[in-house]
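Below is the file run-v1.txt, which contains compact mmCIF, C-alpha atoms.
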```
# COMPACT_ATOMS: atom_id res chain seq x y z
CA MET A 856 94.08 72.28 84.55
CA TYR A 857 93.88 76.09 84.52
CA ARG A 858 96.21 77.90 82.20
CA LEU A 859 96.68 81.44 81.00
CA ARG A 860 95.14 80.52 77.67
CA ASP A 861 91.84 79.99 79.53
CA MET A 862 91.89 83.71 80.27
CA THR A 863 90.38 84.91 77.02
CA PRO A 864 89.27 88.50 76.46
CA ASP A 865 85.61 87.54 76.94
CA ARG A 866 86.25 86.67 80.59
CA THR A 867 85.33 89.13 83.32
CA PRO A 868 88.00 90.42 85.72
CA THR A 869 86.34 88.32 88.44
CA GLU A 870 86.69 85.19 86.31
CA ILE A 871 90.32 85.99 85.53
CA VAL A 872 91.12 86.37 89.24
CA ALA A 873 89.24 83.12 89.97
CA LEU A 874 91.19 81.23 87.30
CA SER A 875 94.48 82.64 88.56
CA LEU A 876 93.72 81.50 92.11
CA LEU A 877 92.63 78.05 90.90
CA ALA A 878 95.83 77.70 88.89
CA GLN A 879 97.86 78.61 91.94
CA ASP A 880 96.01 76.79 94.74
CA GLY A 881 93.50 74.42 93.15
CA ILE A 882 90.20 73.73 94.86
CA ALA A 883 91.62 74.96 98.17
CA ALA A 884 91.35 78.47 96.74
CA ILE A 885 87.56 78.26 96.85
CA TRP A 886 87.52 77.41 100.54
CA GLN A 887 90.11 80.08 101.32
CA LEU A 888 88.04 82.68 99.49
CA HIS A 889 84.98 81.78 101.54
CA LEU A 890 86.99 82.05 104.76
CA SER A 891 88.38 85.42 103.67
CA ALA A 892 84.87 86.67 102.87
CA ALA A 893 83.63 85.60 106.29
CA LEU A 894 86.48 87.45 107.99
CA ALA A 895 85.87 90.57 105.92
CA TYR A 896 82.17 90.47 106.76
CA ARG A 897 82.92 89.96 110.44
CA ASP A 898 85.21 92.98 110.36
CA GLY A 899 82.46 95.13 108.85
CA GLN A 900 83.86 95.11 105.32
CA LYS A 901 80.63 94.04 103.62
CA ALA A 902 81.56 95.33 100.16
CA ALA A 903 84.88 93.47 100.27
CA ALA A 904 83.11 90.32 101.47
CA THR A 905 80.67 90.57 98.57
CA GLY A 906 83.51 90.92 96.07
CA ILE A 907 85.36 87.95 97.53
CA ILE A 908 82.21 85.81 97.37
CA GLU A 909 81.80 86.75 93.71
CA ILE A 910 85.32 85.51 93.03
CA ALA A 911 84.64 82.32 95.03
CA ASP A 912 81.47 81.69 93.05
CA ALA A 913 83.31 82.21 89.75
CA ALA A 914 86.05 79.85 90.90
CA GLU A 915 83.51 77.20 91.85
CA ARG A 916 81.77 77.53 88.46
CA GLU A 917 85.11 77.11 86.69
CA TRP A 918 86.04 74.16 88.88
CA LEU A 919 82.74 72.42 88.10
CA ARG A 920 83.04 73.23 84.39
CA ALA A 921 86.53 71.72 84.27
CA LYS A 922 85.42 68.69 86.26
CA ALA A 923 82.53 68.11 83.86
CA ALA A 924 84.90 68.40 80.92
CA VAL A 925 87.15 65.72 82.41
CA THR A 926 84.51 63.34 83.76
CA GLY A 927 81.69 64.09 81.35
CA SER A 928 79.38 64.82 84.27
CA PRO A 929 78.34 68.15 85.81
CA GLY A 930 78.25 66.83 89.37
```
Rewrite the structure of this file - the entire thing - as structure tokens.
Amino acid sequence: MYRLRDMTPDRTPTEIVALSLLAQDGIAAIWQLHLSAALAYRDGQKAAATGIIEIADAAEREWLRAKAAVTGSPG
């Protein structure tokens, strides 16, 4: 579903990381990112947690975009 050709030059680094993680782990990557952000926040690494959440959000947007493309529905 997610291939390197989806990583066009107009994508942000965050989106490229998100697509790479989706290609590797599928939807489980989104959950793992949220867990990693929670751990980083708990450990006082708020900037890292924020960055991880940004990647998780980008991954979720891409997941939903791909799902809509396949099913014809955004939800």
Review point. Out of A:Val925, A:Pro864, A:Ala895, A:Glu870, which residue has the shortest atom-to-atom distance to Ile910 of chain A when counting all atoms listed in the file?
Key: A:Glu870
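Atom pair atom CA of Ala873 of chain A / atom CA of Ala914 of chain A: separated by 4.7 Å.
Near Trp886 of chain A, within a cut-off of 12 Å and counting all atoms listed in the file, sit the residues A:Leu876, A:Leu877, A:Asp880, A:Gly881, A:Ile882, A:Leu890, A:Ser891, A:Ala892, A:Ala893, A:Ile907, A:Ile908, A:Ile910, A:Ala911, A:Asp912, A:Ala914, A:Glu915, with same-chain residues fewer than 4 positions away left out.
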Check your understanding: In Å, how far is it from atom CA of Trp918 of chain A to atom CA of Ala884 of chain A?
Key ->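 We find that atom CA of Trp918 of chain A and atom CA of Ala884 of chain A lie 10.4 Å from each other.
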Check your understanding: Could you state the separation of atom CA of Gly927 of chain A and atom CA of Asp865 of chain A in Å, given to one decimal place?
Key -> 24.2 Å
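Compared by their closest atoms to Ala904 of chain A, and using all atoms listed in the file, the residues A:Leu919, A:Leu888, A:Ala924, A:Leu874 rank with A:Leu888 nearest.
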Exercise for review: For each of A:Gln879, A:Gln887, A:Lys901, A:Thr869, take the minimum atom-to-atom distance to Arg916 of chain A, counting all atoms listed in the file, then give the residue where this is smallest.
Suggested key: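 Closest to Arg916 of chain A, using all atoms listed in the file: A:Thr869.
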